[in-house]
Amino acid sequence: MPEVIEVEFHSKAVSDFQLSRLVRASLRKYSVPITAFISDAAIMNDRCVGISFDHSEKENPYRTDGSILVTGEIQ
């Protein structure tokens with residue numbers, strides 16, 4: 001029997017809870033540059049996977065709000 005693979009679909013719609021957290025995070029002052037804010041994040045294989053918002057490279061079509069983002073290896 002084939003292996004079962006679970007898939008979750010994400011949409012660009014943001015819940016009120018997510019929106020309030022994104023606004024709070026964007027208003028906060030950070031000591032290092034912030035490239036993007038990530039919602040619905042999960043850590044897998046030393047990388048973070050999540051939905052990105054307010055990415056610094058807005059002209060890149062893969063960096064639009066609501067895109068799935070995978071970070072580089074977390075040290």
# chains A, B, ... in the order shown; residues from 1 in each chain; ligands from 1
>>> residues_around(residues="region 16-32 of chain A", least_positions_apart="2", cutoff="12 Å", atoms="only C-alpha atoms", output="list of chain:residue names")
A:Lys12, A:Ala13, A:Val14, A:Ile34, A:Thr35, A:Ala36, A:Phe37, A:Ile38, A:Ser39, A:Asp40, A:Ala41, A:Ile51, A:Ser52, A:Phe53, A:Asp54, A:His55, A:Asp65, A:Gly66
>>> select_by_dssp(residues="chain A", states="strand (DSSP E)", output="list in words")
Phe37, Ile38, Ser39, Asp40, Ala41, Ala42, Ile43, Met44, Arg47, Cys48, Val49, Gly50, Ile51, Ser52, Phe53, Ser67, Ile68, Leu69 and Val70 of chain A
>>> write_last_selection(atoms="N, CA and C atoms", output="PDB file, in the first residue's frame")
ATOM      1  N   PHE A  37       8.717  38.872   7.812  1.00  0.00           N
ATOM      2  CA  PHE A  37       8.009  38.316   8.955  1.00  0.00           C
ATOM      3  C   PHE A  37       7.377  37.013   8.496  1.00  0.00           C
ATOM      4  N   ILE A  38       7.466  35.987   9.341  1.00  0.00           N
ATOM      5  CA  ILE A  38       6.981  34.661   8.969  1.00  0.00           C
ATOM      6  C   ILE A  38       5.846  34.257   9.901  1.00  0.00           C
ATOM      7  N   SER A  39       4.736  33.843   9.309  1.00  0.00           N
ATOM      8  CA  SER A  39       3.577  33.368  10.050  1.00  0.00           C
ATOM      9  C   SER A  39       3.442  31.861   9.830  1.00  0.00           C
ATOM     10  N   ASP A  40       2.758  31.189  10.735  1.00  0.00           N
ATOM     11  CA  ASP A  40       2.524  29.740  10.626  1.00  0.00           C
ATOM     12  C   ASP A  40       3.832  28.986  10.417  1.00  0.00           C
ATOM     13  N   ALA A  41       4.834  29.340  11.185  1.00  0.00           N
ATOM     14  CA  ALA A  41       6.173  28.776  11.003  1.00  0.00           C
ATOM     15  C   ALA A  41       6.303  27.387  11.619  1.00  0.00           C
ATOM     16  N   ALA A  42       7.165  26.591  10.996  1.00  0.00           N
ATOM     17  CA  ALA A  42       7.526  25.267  11.507  1.00  0.00           C
ATOM     18  C   ALA A  42       9.011  25.063  11.224  1.00  0.00           C
ATOM     19  N   ILE A  43       9.701  24.389  12.129  1.00  0.00           N
ATOM     20  CA  ILE A  43      11.120  24.083  11.946  1.00  0.00           C
ATOM     21  C   ILE A  43      11.228  22.644  11.467  1.00  0.00           C
ATOM     22  N   MET A  44      11.886  22.463  10.307  1.00  0.00           N
ATOM     23  CA  MET A  44      12.096  21.130   9.741  1.00  0.00           C
ATOM     24  C   MET A  44      13.494  21.063   9.147  1.00  0.00           C
ATOM     25  N   ARG A  47      15.690  24.156   9.166  1.00  0.00           N
ATOM     26  CA  ARG A  47      15.213  25.294   8.369  1.00  0.00           C
ATOM     27  C   ARG A  47      13.828  25.685   8.876  1.00  0.00           C
ATOM     28  N   CYS A  48      13.487  26.938   8.666  1.00  0.00           N
ATOM     29  CA  CYS A  48      12.159  27.417   9.037  1.00  0.00           C
ATOM     30  C   CYS A  48      11.311  27.503   7.773  1.00  0.00           C
ATOM     31  N   VAL A  49      10.108  26.972   7.846  1.00  0.00           N
ATOM     32  CA  VAL A  49       9.160  27.024   6.737  1.00  0.00           C
ATOM     33  C   VAL A  49       7.925  27.764   7.244  1.00  0.00           C
ATOM     34  N   GLY A  50       7.466  28.729   6.473  1.00  0.00           N
ATOM     35  CA  GLY A  50       6.289  29.478   6.885  1.00  0.00           C
ATOM     36  C   GLY A  50       5.782  30.369   5.771  1.00  0.00           C
ATOM     37  N   ILE A  51       4.819  31.186   6.099  1.00  0.00           N
ATOM     38  CA  ILE A  51       4.225  32.108   5.133  1.00  0.00           C
ATOM     39  C   ILE A  51       4.816  33.489   5.393  1.00  0.00           C
ATOM     40  N   SER A  52       5.428  34.077   4.364  1.00  0.00           N
ATOM     41  CA  SER A  52       6.139  35.345   4.559  1.00  0.00           C
ATOM     42  C   SER A  52       5.251  36.553   4.282  1.00  0.00           C
ATOM     43  N   PHE A  53       5.540  37.619   5.019  1.00  0.00           N
ATOM     44  CA  PHE A  53       4.858  38.895   4.858  1.00  0.00           C
ATOM     45  C   PHE A  53       5.872  40.016   4.980  1.00  0.00           C
ATOM     46  N   SER A  67       3.402  34.274   0.402  1.00  0.00           N
ATOM     47  CA  SER A  67       4.222  33.230  -0.234  1.00  0.00           C
ATOM     48  C   SER A  67       4.800  32.294   0.823  1.00  0.00           C
ATOM     49  N   ILE A  68       4.981  31.045   0.448  1.00  0.00           N
ATOM     50  CA  ILE A  68       5.639  30.095   1.340  1.00  0.00           C
ATOM     51  C   ILE A  68       7.133  30.338   1.248  1.00  0.00           C
ATOM     52  N   LEU A  69       7.778  30.489   2.395  1.00  0.00           N
ATOM     53  CA  LEU A  69       9.193  30.820   2.469  1.00  0.00           C
ATOM     54  C   LEU A  69       9.933  29.725   3.223  1.00  0.00           C
ATOM     55  N   VAL A  70      11.100  29.364   2.730  1.00  0.00           N
ATOM     56  CA  VAL A  70      11.982  28.418   3.415  1.00  0.00           C
ATOM     57  C   VAL A  70      13.291  29.146   3.667  1.00  0.00           C
TER      58      VAL A  70
END
>>> select_by_dssp(residues="region 1-69 of chain A", states="alpha helix (DSSP H)", output="list in words")
Asp16, Phe17, Gln18, Leu19, Ser20, Arg21, Leu22, Val23, Arg24, Ala25, Ser26 and Leu27 of chain A
>>> write_last_selection(atoms="N, CA and C atoms", output="PDB file, in the first residue's frame")
ATOM      1  N   ASP A  16      -7.600  37.580  11.746  1.00  0.00           N
ATOM      2  CA  ASP A  16      -7.449  38.768  12.594  1.00  0.00           C
ATOM      3  C   ASP A  16      -6.316  38.576  13.594  1.00  0.00           C
ATOM      4  N   PHE A  17      -6.193  37.372  14.129  1.00  0.00           N
ATOM      5  CA  PHE A  17      -5.122  37.065  15.080  1.00  0.00           C
ATOM      6  C   PHE A  17      -3.755  37.222  14.415  1.00  0.00           C
ATOM      7  N   GLN A  18      -3.586  36.641  13.219  1.00  0.00           N
ATOM      8  CA  GLN A  18      -2.316  36.760  12.505  1.00  0.00           C
ATOM      9  C   GLN A  18      -2.016  38.215  12.174  1.00  0.00           C
ATOM     10  N   LEU A  19      -3.014  38.944  11.719  1.00  0.00           N
ATOM     11  CA  LEU A  19      -2.827  40.347  11.355  1.00  0.00           C
ATOM     12  C   LEU A  19      -2.377  41.171  12.559  1.00  0.00           C
ATOM     13  N   SER A  20      -2.988  40.955  13.709  1.00  0.00           N
ATOM     14  CA  SER A  20      -2.596  41.717  14.901  1.00  0.00           C
ATOM     15  C   SER A  20      -1.163  41.394  15.307  1.00  0.00           C
ATOM     16  N   ARG A  21      -0.755  40.142  15.188  1.00  0.00           N
ATOM     17  CA  ARG A  21       0.627  39.773  15.527  1.00  0.00           C
ATOM     18  C   ARG A  21       1.618  40.337  14.522  1.00  0.00           C
ATOM     19  N   LEU A  22       1.261  40.349  13.229  1.00  0.00           N
ATOM     20  CA  LEU A  22       2.143  40.922  12.210  1.00  0.00           C
ATOM     21  C   LEU A  22       2.315  42.427  12.416  1.00  0.00           C
ATOM     22  N   VAL A  23       1.245  43.115  12.765  1.00  0.00           N
ATOM     23  CA  VAL A  23       1.330  44.557  13.021  1.00  0.00           C
ATOM     24  C   VAL A  23       2.215  44.821  14.231  1.00  0.00           C
ATOM     25  N   ARG A  24       2.013  44.079  15.316  1.00  0.00           N
ATOM     26  CA  ARG A  24       2.851  44.259  16.513  1.00  0.00           C
ATOM     27  C   ARG A  24       4.312  43.996  16.203  1.00  0.00           C
ATOM     28  N   ALA A  25       4.594  42.947  15.439  1.00  0.00           N
ATOM     29  CA  ALA A  25       5.982  42.610  15.102  1.00  0.00           C
ATOM     30  C   ALA A  25       6.610  43.673  14.209  1.00  0.00           C
ATOM     31  N   SER A  26       5.844  44.229  13.284  1.00  0.00           N
ATOM     32  CA  SER A  26       6.401  45.230  12.369  1.00  0.00           C
ATOM     33  C   SER A  26       6.687  46.552  13.074  1.00  0.00           C
ATOM     34  N   LEU A  27       5.989  46.847  14.160  1.00  0.00           N
ATOM     35  CA  LEU A  27       6.207  48.088  14.902  1.00  0.00           C
ATOM     36  C   LEU A  27       7.356  47.986  15.902  1.00  0.00           C
TER      37      LEU A  27
END
